[in-house]
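Trainee: One file is attached below, query30.cif, containing mmCIF, C-alpha atoms.
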data_input
#
loop_
_atom_site.group_PDB
_atom_site.id
_atom_site.type_symbol
_atom_site.label_atom_id
_atom_site.label_comp_id
_atom_site.auth_asym_id
_atom_site.auth_seq_id
_atom_site.Cartn_x
_atom_site.Cartn_y
_atom_site.Cartn_z
ATOM 1 C CA MET B 1 -43.801 -82.652 -66.006
ATOM 2 C CA ILE B 2 -47.489 -81.955 -66.566
ATOM 3 C CA VAL B 3 -48.529 -78.859 -68.509
ATOM 4 C CA ASP B 4 -51.773 -77.088 -69.386
ATOM 5 C CA THR B 5 -51.895 -75.246 -72.693
ATOM 6 C CA ALA B 6 -55.559 -74.248 -72.712
ATOM 7 C CA THR B 7 -56.840 -72.678 -69.503
ATOM 8 C CA HIS B 8 -54.173 -70.287 -68.159
ATOM 9 C CA ARG B 9 -53.309 -66.811 -69.422
ATOM 10 C CA CYS B 10 -50.451 -64.405 -68.777
ATOM 11 C CA ARG B 11 -50.612 -62.034 -65.815
ATOM 12 C CA ILE B 12 -47.580 -59.823 -66.488
ATOM 13 C CA ASP B 13 -48.878 -56.421 -67.619
ATOM 14 C CA VAL B 14 -47.050 -56.307 -70.962
ATOM 15 C CA GLN B 15 -48.537 -59.642 -72.036
ATOM 16 C CA ASN B 16 -51.665 -59.839 -69.876
ATOM 17 C CA GLY B 17 -54.257 -62.253 -71.243
ATOM 18 C CA ARG B 18 -52.026 -63.927 -73.825
ATOM 19 C CA HIS B 19 -51.675 -67.675 -74.055
ATOM 20 C CA LEU B 20 -48.913 -69.460 -72.163
ATOM 21 C CA VAL B 21 -47.854 -72.972 -71.231
ATOM 22 C CA TYR B 22 -48.716 -73.433 -67.569
ATOM 23 C CA VAL B 23 -46.490 -75.959 -65.805
ATOM 24 C CA LYS B 24 -48.850 -77.713 -63.402
ATOM 25 C CA PHE B 25 -46.299 -80.162 -62.035
ATOM 26 C CA VAL B 26 -42.572 -80.670 -62.457
ATOM 27 C CA GLU B 27 -40.318 -82.973 -60.483
ATOM 28 C CA ASN B 28 -36.727 -84.064 -60.507
ATOM 29 C CA ALA B 29 -35.797 -87.573 -59.348
ATOM 30 C CA PRO B 30 -34.368 -87.603 -55.797
ATOM 31 C CA TRP B 31 -30.997 -88.972 -56.925
ATOM 32 C CA ASN B 32 -30.568 -85.891 -59.131
ATOM 33 C CA ARG B 33 -31.059 -83.410 -56.288
ATOM 34 C CA PRO B 34 -27.795 -82.097 -54.823
ATOM 35 C CA GLU B 35 -29.349 -81.497 -51.393
ATOM 36 C CA LEU B 36 -30.172 -85.220 -51.185
ATOM 37 C CA PHE B 37 -27.262 -86.915 -52.970
ATOM 38 C CA THR B 38 -23.630 -85.902 -53.195
ATOM 39 C CA PRO B 39 -22.859 -85.930 -55.974
ATOM 40 C CA PRO B 40 -26.223 -86.047 -57.779
ATOM 41 C CA ARG B 41 -26.406 -88.618 -60.578
ATOM 42 C CA TYR B 42 -27.338 -85.994 -63.195
ATOM 43 C CA ARG B 43 -27.244 -82.208 -63.125
ATOM 44 C CA GLY B 44 -29.381 -79.869 -65.192
ATOM 45 C CA VAL B 45 -32.561 -81.946 -65.273
ATOM 46 C CA GLY B 46 -34.749 -79.120 -63.942
ATOM 47 C CA SER B 47 -33.407 -76.753 -66.590
ATOM 48 C CA ILE B 48 -34.090 -79.334 -69.283
ATOM 49 C CA LEU B 49 -37.696 -79.650 -68.146
ATOM 50 C CA ILE B 50 -38.195 -75.879 -68.185
ATOM 51 C CA ARG B 51 -36.521 -75.759 -71.609
ATOM 52 C CA ALA B 52 -39.035 -78.388 -72.811
ATOM 53 C CA ALA B 53 -41.909 -76.169 -71.613
ATOM 54 C CA VAL B 54 -40.379 -73.207 -73.472
ATOM 55 C CA ALA B 55 -40.006 -75.347 -76.623
ATOM 56 C CA LEU B 56 -43.654 -76.432 -76.392
ATOM 57 C CA SER B 57 -44.659 -72.793 -75.963
ATOM 58 C CA ASP B 58 -42.676 -71.934 -79.107
ATOM 59 C CA ASP B 59 -44.273 -74.829 -81.006
ATOM 60 C CA LEU B 60 -47.722 -73.523 -80.054
ATOM 61 C CA GLU B 61 -46.707 -70.001 -81.169
ATOM 62 C CA PHE B 62 -46.878 -68.690 -77.581
ATOM 63 C CA ARG B 63 -43.323 -67.309 -78.098
ATOM 64 C CA GLY B 64 -41.808 -69.121 -75.096
ATOM 65 C CA ARG B 65 -44.270 -67.783 -72.525
ATOM 66 C CA ILE B 66 -44.663 -70.132 -69.562
ATOM 67 C CA GLY B 67 -46.075 -69.785 -66.053
ATOM 68 C CA LEU B 68 -46.020 -71.839 -62.865
ATOM 69 C CA HIS B 69 -46.516 -71.817 -59.121
ATOM 70 C CA SER B 70 -43.352 -72.584 -57.191
ATOM 71 C CA LEU B 71 -42.748 -74.556 -54.049
ATOM 72 C CA PRO B 72 -40.699 -72.498 -51.557
ATOM 73 C CA GLN B 73 -37.517 -74.523 -52.106
ATOM 74 C CA ALA B 74 -37.604 -73.851 -55.866
ATOM 75 C CA THR B 75 -38.226 -70.081 -55.991
ATOM 76 C CA ARG B 76 -34.511 -69.278 -56.276
ATOM 77 C CA PHE B 77 -34.162 -71.729 -59.193
ATOM 78 C CA TYR B 78 -37.001 -70.117 -61.151
ATOM 79 C CA ALA B 79 -35.850 -66.572 -60.390
ATOM 80 C CA LYS B 80 -32.083 -66.967 -60.800
ATOM 81 C CA THR B 81 -31.411 -69.992 -62.999
ATOM 82 C CA CYS B 82 -34.441 -69.616 -65.268
ATOM 83 C CA GLY B 83 -34.687 -65.818 -65.095
ATOM 84 C CA MET B 84 -38.458 -65.840 -64.619
ATOM 85 C CA THR B 85 -40.456 -62.963 -63.127
ATOM 86 C CA ASP B 86 -41.747 -63.534 -59.596
ATOM 87 C CA LEU B 87 -45.249 -62.081 -59.427
ATOM 88 C CA GLY B 88 -45.438 -62.715 -55.699
ATOM 89 C CA THR B 89 -47.575 -64.824 -53.449
ATOM 90 C CA ASP B 90 -50.807 -66.145 -54.929
ATOM 91 C CA LEU B 91 -53.283 -66.415 -52.071
ATOM 92 C CA ASP B 92 -55.675 -68.295 -54.364
ATOM 93 C CA TYR B 93 -53.080 -71.025 -54.855
ATOM 94 C CA GLU B 94 -51.980 -72.162 -51.398
ATOM 95 C CA GLY B 95 -49.831 -69.048 -50.942
ATOM 96 C CA LEU B 96 -47.231 -70.228 -53.459
ATOM 97 C CA HIS B 97 -45.244 -67.752 -55.534
ATOM 98 C CA TYR B 98 -46.368 -67.391 -59.135
ATOM 99 C CA PHE B 99 -43.711 -67.044 -61.851
ATOM 100 C CA GLU B 100 -43.948 -66.179 -65.521
ATOM 101 C CA MET B 101 -41.433 -66.206 -68.321
ATOM 102 C CA THR B 102 -41.741 -63.585 -71.061
ATOM 103 C CA PRO B 103 -40.595 -64.225 -74.641
ATOM 104 C CA GLU B 104 -37.453 -62.197 -73.931
ATOM 105 C CA GLN B 105 -36.701 -64.180 -70.773
ATOM 106 C CA ALA B 106 -37.314 -67.422 -72.663
ATOM 107 C CA GLN B 107 -34.828 -66.400 -75.342
ATOM 108 C CA ALA B 108 -32.238 -65.429 -72.730
ATOM 109 C CA PHE B 109 -32.718 -68.772 -70.970
ATOM 110 C CA VAL B 110 -32.329 -70.715 -74.225
ATOM 111 C CA ASN B 111 -29.277 -68.622 -75.177
ATOM 112 C CA LYS B 112 -27.483 -69.794 -72.027
ATOM 113 C CA GLY B 113 -26.625 -72.802 -74.167
ATOM 114 C CA GLY B 114 -25.296 -75.662 -72.074
ATOM 115 C CA SER B 115 -27.436 -74.735 -69.060
ATOM 116 C CA TYR B 116 -30.045 -77.238 -70.155
ATOM 117 C CA GLU B 117 -27.851 -80.190 -71.048
ATOM 118 C CA VAL B 118 -27.891 -83.193 -68.720
ATOM 119 C CA LYS B 119 -24.481 -83.707 -67.170
ATOM 120 C CA ASN B 120 -23.597 -87.066 -65.705
ATOM 121 C CA GLN B 121 -21.669 -86.705 -62.457
#
Do you think you could lay out the structure here as structure tokens?

Mentor:
Amino acid sequence: MIVDTATHRCRIDVQNGRHLVYVKFVENAPWNRPELFTPPRYRGVGSILIRAAVALSDDLEFRGRIGLHSLPQATRFYAKTCGMTDLGTDLDYEGLHYFEMTPEQAQAFVNKGGSYEVKNQ
């Protein structure tokens, strides 16, 4: 995962302009992806990476706020598993969907508990 903590700001109205951790790049190893390997070697890696971004945001006193642009195959993960807000297609960023996580969404994600623990298959 590669993050930017300096140049991006929130777009959601209630927190517009506030600092966030922008996830520039995140990737899960192919052997951990259920659509490629049955069973995957480890489950929950993507959630752990998002949890790490939330933790960094907390450490920087950004209150868990994160943002990212999603590849089409990952939009469901960010919306459903992570509970992030889909702000729609960003025409300035290759037409990818832009997601943000509010402090409340970050807390709800963290409160899921085991959802971010690596599980060996």

Trainee: Given the choices B:Arg33, B:His19, B:Arg51, B:Lys24, which gets closest to Lys112 (chain B) if the distance is worked out from all atoms listed in the file?

Mentor: B:Arg51

Trainee: Do you know which residues are at most 12 Å from Thr75 (chain B) counting all atoms listed in the file, after dropping those on the same chain fewer than 2 positions away, and could you put them as number ranges by chain?

Mentor: B: 68-73, 77-89, 96-100

Trainee: Go ahead and save the picked residues with C-alpha atoms, as a compact mmCIF listing (two decimals), in the frame of the given file.

Mentor:
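Final file, selection14.txt:
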# COMPACT_ATOMS: atom_id res chain seq x y z
CA LEU B 68 -46.02 -71.84 -62.86
CA HIS B 69 -46.52 -71.82 -59.12
CA SER B 70 -43.35 -72.58 -57.19
CA LEU B 71 -42.75 -74.56 -54.05
CA PRO B 72 -40.70 -72.50 -51.56
CA GLN B 73 -37.52 -74.52 -52.11
CA PHE B 77 -34.16 -71.73 -59.19
CA TYR B 78 -37.00 -70.12 -61.15
CA ALA B 79 -35.85 -66.57 -60.39
CA LYS B 80 -32.08 -66.97 -60.80
CA THR B 81 -31.41 -69.99 -63.00
CA CYS B 82 -34.44 -69.62 -65.27
CA GLY B 83 -34.69 -65.82 -65.10
CA MET B 84 -38.46 -65.84 -64.62
CA THR B 85 -40.46 -62.96 -63.13
CA ASP B 86 -41.75 -63.53 -59.60
CA LEU B 87 -45.25 -62.08 -59.43
CA GLY B 88 -45.44 -62.72 -55.70
CA THR B 89 -47.58 -64.82 -53.45
CA LEU B 96 -47.23 -70.23 -53.46
CA HIS B 97 -45.24 -67.75 -55.53
CA TYR B 98 -46.37 -67.39 -59.14
CA PHE B 99 -43.71 -67.04 -61.85
CA GLU B 100 -43.95 -66.18 -65.52

Trainee: Give as a PyMOL selection string the set of residues within 10 Å of the point (-41.7, -69.9, -73.8), where distances use the file's coordinates and all atoms listed in the file.

Mentor: chain B and resi 20-21+50-67+100-107+109-110

Trainee: To one decimal place, how far is CA of Arg11 (chain B) from CA of Asp90 (chain B) in Å?

Mentor: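 Calculated distance between CA of Arg11 (chain B) and CA of Asp90 (chain B) is 11.6 Å.
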
Trainee: Suppose you want the space between CA of Pro34 (chain B) and CA of Leu49 (chain B); what is it in Å?

Mentor: 16.8 Å

Trainee: Once 3 Å is added on each side, what centre and edge lengths in Å to one decimal does the axis-aligned box around all listed atoms of region 36-41 of chain B have, as AutoDock Vina command-line options?

Mentor:
--center_x -26.5 --center_y -86.9 --center_z -55.9 --size_x 13.3 --size_y 9.4 --size_z 15.4

Trainee: Mind checking which residues fall within 8 Å of Ile2 (chain B), counting all atoms listed in the file, ignoring those fewer than 5 positions away in the same chain, and posting them as a list of chain:residue names?

Mentor: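 Neighbouring residues, sequence-local ones excluded: B:Val23, B:Lys24, B:Phe25, B:Val26.
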
Trainee: Please measure the separation of CA of Val3 (chain B) and CA of Gln15 (chain B), giving the value in Å to one decimal.

Mentor: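 Computed distance, CA of Val3 (chain B) to CA of Gln15 (chain B), equals 19.5 Å.
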
Trainee: Residues at most 9 Å from Glu27 (chain B), counting only C-alpha atoms, excluding those fewer than 3 positions away in the same chain, as a PDB file with C-alpha atoms, in the frame of the given file?

Mentor:
ATOM      1  CA  MET B   1     -43.801 -82.652 -66.006  1.00  0.00           C
ATOM      2  CA  PRO B  30     -34.368 -87.603 -55.797  1.00  0.00           C
ATOM      3  CA  GLY B  46     -34.749 -79.120 -63.942  1.00  0.00           C
ATOM      4  CA  LEU B  49     -37.696 -79.650 -68.146  1.00  0.00           C
TER       5      LEU B  49
END

Trainee: Nearest residue to Tyr22 (chain B) out of B:Gly95, B:Thr7, B:Leu36, B:Ala74, using only C-alpha atoms?

Mentor: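 Closest residue, counting only C-alpha atoms: B:Thr7.
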